[in-house]
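In what follows, a single structure is set out as structure tokens and then discussed.
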Amino acid sequence: MKPGIAARIILAIVFAGLVFSPVIIKRFAARHDESKTKLDLATALARHGFYLQEVSQAAGVNFLHQAPTLDPRLNHIMPQVASMGASVSIVDFDRDGWPDFYVTNSKEGAKNALYRNMHDGTFKDVAEEMGIADVNRAGTGVSMGAVWGDYDNDGYEDLLLFKWGKPELFHNDAGHGFTRVTDQVGLPPWINANTALWFDYDGDGLLDLFIGGYYSEDVDLWHLASTKMMPDSFEYAKNGGRKYLFHNLGGGKFEEVSEKVGIHSRRWALASAAADLRGTGHPDLFIANDYGVSELYFNDGKRFHEVGEQTGVGFAPKSGMNASFGDILNQGRYAVYVSNISEEGVLIQGNNLWVPEESTSGDKLKFENLARDFGVEIGGWSFGAQFGDLNNDGTLDLYLTNGYVSLDHNRSYWYDFSKIAGGHSLIINDAKNWPAMDGRSLSGYQTKHVWLNDGSGKFVDVAQAVGVTDTYDGRAVALADLWNQGVLDVIVANERGPLLIYKNTAIPENKWIEFDLEGTKSNRSAIGAQVAVFWNGQQQVQEVSGGSGFAAQNQRRLHFGLGKFPHVEKAVIRWPSGQIQTIDSPAPNENHVVKEPS
Amino acid sequence: MNQQSVPITPHASPTAPWKRFLSPENRYLAPMFITSILIVGHLSFGILESYKKTGIAIAASLLAELLLGRTFSGKWPNLASAYITGISVGILVRSPAFWPYAVCAIVSIMSKYVLRIKGRHIWNPSNFGISVLLFLAPETVASLSIQWGNYLLPMVVIWILGSVIIWRVRRFHITGTYVAFFLVFAFLRSYITGSPWQSEIAPLTGPMYQLFIFFMITDPKTTVRSRFWQCVVVSVVALAEMILRLSQVVYAPFYALFLVGPAALLIEMWFDSRRTVPARVAA
């Protein structure tokens, strides 16, 4: 028997309900969305436990990033090609116990800045007198970022500057100045690099150096041999820059060993980070690639094995622009946050929050992307992000900056961008085939995201509520306790925009603890050292990093929020040398300076 | 995408096995072709967003067809067309969420049973489902917009295979006309906007368009009957697409077919009814 009219009416109603369900869900979600509400300091403190106030001018920091002017044949798409280079890395270069920071500029002839912490709430640019300001001279390329590490274990952090151009290594002369040692250590003449990090991959106590190429190293962006230098695919490109791993031989000598140890990717690397994901004592290497899949290299101490697809992080190609680790569930395991592109109506890649699957570990480790479930998936044209406990409640929050090219408010380049992105490699690969931008924006003027972790698997965006209201084209984010007050402040480097310093005010009821580590058998920077803090029946693990996020480096000092009334049982330090050190009942609200037992 | 690989016109049975295989009567030809696109695309460069999402789209489509077919026609339906719809949704929809794959597949199938005029459904099912989701859920859903990796070979294989199959099932004139008009309009757009012509023809080189031109616009159920008018309609689709593209609409081809396809069918029905009435009066 055929159904009657009633069945057809029911079918029509169900059909209409399904068709319009996205609109209904969107309206319902918008009603419960607090992310657009701006709050004053008192209300934000009461509601979220912290407030971020932009204080760069008051702190004496008036840094404006400028972009390079590349080969004239790229003029029609210059804003999107010359779209990176704003970076920030934290360092206590003079070992006075106060965080300083270094920021890069990218216009030919423009100067980088090293801001020394003056201990009175202000900073002073000392890059010129220290000899690391004038590093963007014509013909040498321009800065893309910097990472700090004590490669010769003399107690002072040295500076690796990576560029679209000649990478530079500067030796820190006891905090009084820097000496250029690039030629002695044998760095290559030209890398179009957008990421680098220090880590001791073989555990010999000497920091090694990873540099990831973006454009191929044979491309001089100021003097193009050919306009066929763009990616050969929007999601499957393999014509990017090569990767370099410089093994530290000691005595100021390095040997390039990438091929020898199994790293031979030509994907377009934009971000990298290293952490011991499997508890082997060796740092594994994560690379977020633009125009393709991410790569994860398991490190056995001698060789690297690419396991991106095997672990799940290297299956769906996206536009990776960030790599940062965080023990977001206080389980002693790291999740990895990779930022991508989401533009309503055009491209919804979604950011990735790779969380280790519960029953997997060691070589069988697998990750699942829980960004949607956790609420940290959609972040616009996302760039740098960092995990840090911003309100000291005992769980790691997430700060994400975004925005690609902000030009004309009312005209978008997205249509033309999507058109060319869908073209074959023969078309997309040649810059002359790309439509002119003509002053149009590409995911510009985007609001930022500060996701507060509730500890049970949900993040809530409170950016506007806690004072993060800028809409610059954000690139790098770095976290540091700039004023030694037990909270994480945020520095954001913006492309073609001002450097922003968000000073953090957190409620004092929430306690904290910090660890400033110094290696002896291990590398002196203690990069790769893990600290697990056990308190109130839970634990959180963090690792000293030699570079993470996008073109950024957080302070080496590890900061843990503890919440109210913490009873800290112990802190367990696992040094890169393998040595385990336990500190019983460390006092909260203190920075614990710990030297590796010799 | 198209729901049947079988054109309506009867003809003599071919004798050679390959001819039988590539015959219009082989209703599994299209499902096999689209499956081969999926396999080639995924093995050569990983076209799938995830196995799970494609699986959800196919399963949702098949289940919806089974349920609705059995309920509203009283018999178990052939699932070839639902399979094509599901696999098309699985390939063409791009979303980090799972629900769009299920919703799009179900809406596509349901549209065949709900949006009917004089016993015919007037929208190509997957074109309807994808267009609706792109329009109403742009914050969650996008469409496949990338190319066949870095490789020319998979693209060439798909073009040749697709052309042979479409030719054998007597729909090549539709695809050919559309491609010809697309190219003409691409150069015209290039002239009007000043964009490089390569960027205007770029979309045609991607898998989204290959699925669009081989499956969606050739759907026998949602195209007009005469070969001549099929060519006219598809050229109007290309024209509508150009107008949408000049307005910088990213998913211009889907929306163009969404608008022009049903309009053409309605006009054809109207003409049919005008022919029928005088005939009856004369009788």
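Identifiers in the structure tokens: chain A, B, ... in order shown; residue index from 1 per chain; ligand index from 1 in order shown.
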Dump as a VMD selection string the residues of chain A that approach chain B to within 9 Å, counting only C-alpha atoms. chain A and resid 1 to 4 7 to 8 11 to 12 15 18 to 23 26 232 to 238 315 to 317 342 to 351 372 377 to 378 414 to 416 418 to 428 432 to 436
When DSSP is applied to the backbone of this structure, which of range 103-170 of chain B are assigned helix (DSSP H, G or I)? Write them out as an NGL selection string. :B and (103-114 or 125-136 or 153-168)
Include N, CA and C atoms and write out the residues we just selected as a compact mmCIF listing (two decimals), in the first residue's frame.
```
# COMPACT_ATOMS: atom_id res chain seq x y z
N VAL B 103 23.80 14.97 6.65
CA VAL B 103 22.68 15.85 6.31
C VAL B 103 22.62 16.09 4.81
N CYS B 104 23.77 16.34 4.21
CA CYS B 104 23.79 16.62 2.77
C CYS B 104 23.30 15.41 1.98
N ALA B 105 23.76 14.23 2.36
CA ALA B 105 23.34 13.02 1.64
C ALA B 105 21.84 12.79 1.80
N ILE B 106 21.35 12.96 3.02
CA ILE B 106 19.92 12.70 3.26
C ILE B 106 19.05 13.74 2.54
N VAL B 107 19.46 15.02 2.65
CA VAL B 107 18.70 16.08 1.97
C VAL B 107 18.69 15.83 0.46
N SER B 108 19.82 15.39 -0.07
CA SER B 108 19.90 15.12 -1.51
C SER B 108 18.88 14.05 -1.91
N ILE B 109 18.88 12.96 -1.18
CA ILE B 109 17.95 11.87 -1.51
C ILE B 109 16.50 12.29 -1.29
N MET B 110 16.27 12.98 -0.16
CA MET B 110 14.89 13.41 0.14
C MET B 110 14.34 14.35 -0.92
N SER B 111 15.24 15.14 -1.50
CA SER B 111 14.77 16.12 -2.50
C SER B 111 14.09 15.43 -3.67
N LYS B 112 14.53 14.18 -3.95
CA LYS B 112 13.92 13.45 -5.06
C LYS B 112 12.47 13.10 -4.76
N TYR B 113 12.18 12.91 -3.48
CA TYR B 113 10.84 12.48 -3.10
C TYR B 113 9.93 13.65 -2.73
N VAL B 114 10.53 14.77 -2.37
CA VAL B 114 9.72 15.91 -1.92
C VAL B 114 9.51 16.93 -3.03
N PRO B 125 19.86 15.62 -7.44
CA PRO B 125 19.87 15.49 -5.98
C PRO B 125 21.12 16.03 -5.30
N SER B 126 22.29 15.61 -5.73
CA SER B 126 23.48 16.07 -5.01
C SER B 126 23.75 17.55 -5.26
N ASN B 127 23.36 18.05 -6.44
CA ASN B 127 23.49 19.49 -6.70
C ASN B 127 22.61 20.25 -5.72
N PHE B 128 21.42 19.73 -5.48
CA PHE B 128 20.52 20.39 -4.54
C PHE B 128 21.12 20.36 -3.12
N GLY B 129 21.50 19.17 -2.68
CA GLY B 129 22.01 19.03 -1.31
C GLY B 129 23.25 19.87 -1.06
N ILE B 130 24.18 19.83 -2.00
CA ILE B 130 25.43 20.58 -1.81
C ILE B 130 25.17 22.08 -1.87
N SER B 131 24.34 22.53 -2.82
CA SER B 131 24.05 23.96 -2.93
C SER B 131 23.39 24.48 -1.66
N VAL B 132 22.43 23.70 -1.15
CA VAL B 132 21.72 24.13 0.06
C VAL B 132 22.70 24.26 1.23
N LEU B 133 23.55 23.28 1.39
CA LEU B 133 24.47 23.35 2.53
C LEU B 133 25.51 24.46 2.36
N LEU B 134 26.00 24.64 1.15
CA LEU B 134 26.97 25.72 0.93
C LEU B 134 26.34 27.07 1.22
N PHE B 135 25.06 27.19 0.89
CA PHE B 135 24.38 28.47 1.06
C PHE B 135 23.97 28.70 2.50
N LEU B 136 23.48 27.66 3.17
CA LEU B 136 22.92 27.85 4.51
C LEU B 136 23.91 27.56 5.64
N LEU B 153 48.79 12.95 -14.71
CA LEU B 153 48.26 11.68 -15.17
C LEU B 153 46.85 11.36 -14.66
N PRO B 154 46.60 11.49 -13.34
CA PRO B 154 45.24 11.18 -12.88
C PRO B 154 44.19 12.04 -13.58
N MET B 155 44.53 13.30 -13.81
CA MET B 155 43.58 14.20 -14.46
C MET B 155 43.30 13.73 -15.88
N VAL B 156 44.37 13.36 -16.59
CA VAL B 156 44.20 12.91 -17.97
C VAL B 156 43.38 11.62 -18.02
N VAL B 157 43.69 10.71 -17.10
CA VAL B 157 42.96 9.43 -17.05
C VAL B 157 41.47 9.69 -16.83
N ILE B 158 41.16 10.56 -15.87
CA ILE B 158 39.76 10.84 -15.57
C ILE B 158 39.07 11.50 -16.78
N TRP B 159 39.76 12.41 -17.42
CA TRP B 159 39.18 13.08 -18.59
C TRP B 159 38.90 12.07 -19.71
N ILE B 160 39.86 11.20 -19.98
CA ILE B 160 39.68 10.23 -21.07
C ILE B 160 38.59 9.23 -20.73
N LEU B 161 38.71 8.66 -19.54
CA LEU B 161 37.73 7.66 -19.11
C LEU B 161 36.33 8.26 -19.07
N GLY B 162 36.25 9.44 -18.48
CA GLY B 162 34.95 10.11 -18.37
C GLY B 162 34.36 10.40 -19.73
N SER B 163 35.21 10.86 -20.65
CA SER B 163 34.71 11.21 -21.98
C SER B 163 34.21 9.97 -22.70
N VAL B 164 34.97 8.87 -22.60
CA VAL B 164 34.56 7.63 -23.27
C VAL B 164 33.21 7.17 -22.73
N ILE B 165 33.10 7.16 -21.43
CA ILE B 165 31.86 6.66 -20.81
C ILE B 165 30.68 7.57 -21.18
N ILE B 166 30.91 8.85 -21.06
CA ILE B 166 29.84 9.80 -21.36
C ILE B 166 29.43 9.72 -22.85
N TRP B 167 30.43 9.46 -23.68
CA TRP B 167 30.14 9.31 -25.11
C TRP B 167 29.31 8.05 -25.35
N ARG B 168 29.71 6.95 -24.68
CA ARG B 168 29.00 5.69 -24.86
C ARG B 168 27.55 5.79 -24.38
```
Can you pull out every residue within 6 Å of Ile90 in chain A, counting only C-alpha atoms, but drop anything in the same chain fewer than 4 positions away, and send it as a short mmCIF file (atom, residue, chain, number, x, y, z; two decimals) with N, CA and C atoms, in the first residue's frame?
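For reference, out.cif as written:
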```
data_model
loop_
_atom_site.label_atom_id
_atom_site.label_comp_id
_atom_site.auth_asym_id
_atom_site.auth_seq_id
_atom_site.Cartn_x
_atom_site.Cartn_y
_atom_site.Cartn_z
N ASP A 100 63.59 39.11 28.61
CA ASP A 100 63.72 40.11 27.55
C ASP A 100 63.09 39.49 26.29
N PHE A 101 63.00 40.24 25.23
CA PHE A 101 62.49 39.62 24.01
C PHE A 101 63.05 40.28 22.75
N GLN A 553 59.01 31.83 20.31
CA GLN A 553 59.59 31.03 21.37
C GLN A 553 59.11 31.59 22.70
N ASN A 554 58.50 30.74 23.50
CA ASN A 554 58.08 31.17 24.83
C ASN A 554 59.28 31.30 25.74
N GLN A 555 59.05 31.85 26.94
CA GLN A 555 60.14 31.86 27.92
C GLN A 555 60.53 30.42 28.25
#
```
Just want the 6 Å neighbourhood of Phe367 in chain A, counted on only C-alpha atoms, with same-chain residues fewer than 6 positions away dropped. Output as a PyMOL selection string. chain A and resi 311-312+354-357
For the selection just defined, write its residues with N, CA and C atoms to a file, as an mmCIF file, in the first residue's frame.
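Listed below is the output, result.cif:
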```
data_model
loop_
_atom_site.group_PDB
_atom_site.id
_atom_site.type_symbol
_atom_site.label_atom_id
_atom_site.label_comp_id
_atom_site.auth_asym_id
_atom_site.auth_seq_id
_atom_site.Cartn_x
_atom_site.Cartn_y
_atom_site.Cartn_z
ATOM 1 N N THR A 311 50.206 7.985 12.574
ATOM 2 C CA THR A 311 49.684 8.509 13.843
ATOM 3 C C THR A 311 48.404 9.310 13.648
ATOM 4 N N GLY A 312 48.038 9.567 12.408
ATOM 5 C CA GLY A 312 46.782 10.273 12.143
ATOM 6 C C GLY A 312 46.948 11.752 11.861
ATOM 7 N N TRP A 354 45.290 17.854 17.986
ATOM 8 C CA TRP A 354 45.599 16.426 17.955
ATOM 9 C C TRP A 354 45.813 15.933 19.380
ATOM 10 N N VAL A 355 44.865 15.129 19.847
ATOM 11 C CA VAL A 355 44.912 14.615 21.209
ATOM 12 C C VAL A 355 45.281 13.134 21.143
ATOM 13 N N PRO A 356 46.214 12.680 21.989
ATOM 14 C CA PRO A 356 46.590 11.259 21.931
ATOM 15 C C PRO A 356 45.399 10.362 22.261
ATOM 16 N N GLU A 357 45.225 9.334 21.449
ATOM 17 C CA GLU A 357 44.139 8.392 21.736
ATOM 18 C C GLU A 357 44.473 7.626 23.008
#
```
Give the strand (DSSP E or B) residues of range 36-212 of chain B, as assigned by DSSP on the backbone, as a ChimeraX atom specification. /B:93-94,116-117,120-121,142-143
Based on the selection just made, write C-alpha atoms of those residues as a PDB file, in the first residue's frame.
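Result saved to out_32.pdb:
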```
ATOM      1  CA  VAL B  93      31.721  18.245   0.635  1.00  0.00           C
ATOM      2  CA  ARG B  94      34.579  19.528   2.757  1.00  0.00           C
ATOM      3  CA  ARG B 116       8.511  16.747  -7.451  1.00  0.00           C
ATOM      4  CA  ILE B 117       6.356  18.239 -10.132  1.00  0.00           C
ATOM      5  CA  ARG B 120       9.418  14.226 -11.751  1.00  0.00           C
ATOM      6  CA  HIS B 121      12.062  15.504  -9.422  1.00  0.00           C
ATOM      7  CA  ALA B 142      32.889  24.191   1.860  1.00  0.00           C
ATOM      8  CA  SER B 143      33.350  22.227  -1.312  1.00  0.00           C
TER       9      SER B 143
END
```
In Å to one decimal, how far is CA of Val219 in chain A from CA of Trp164 in chain A?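 One can read the CA of Trp164 in chain A to CA of Val219 in chain A distance as 9.4 Å.
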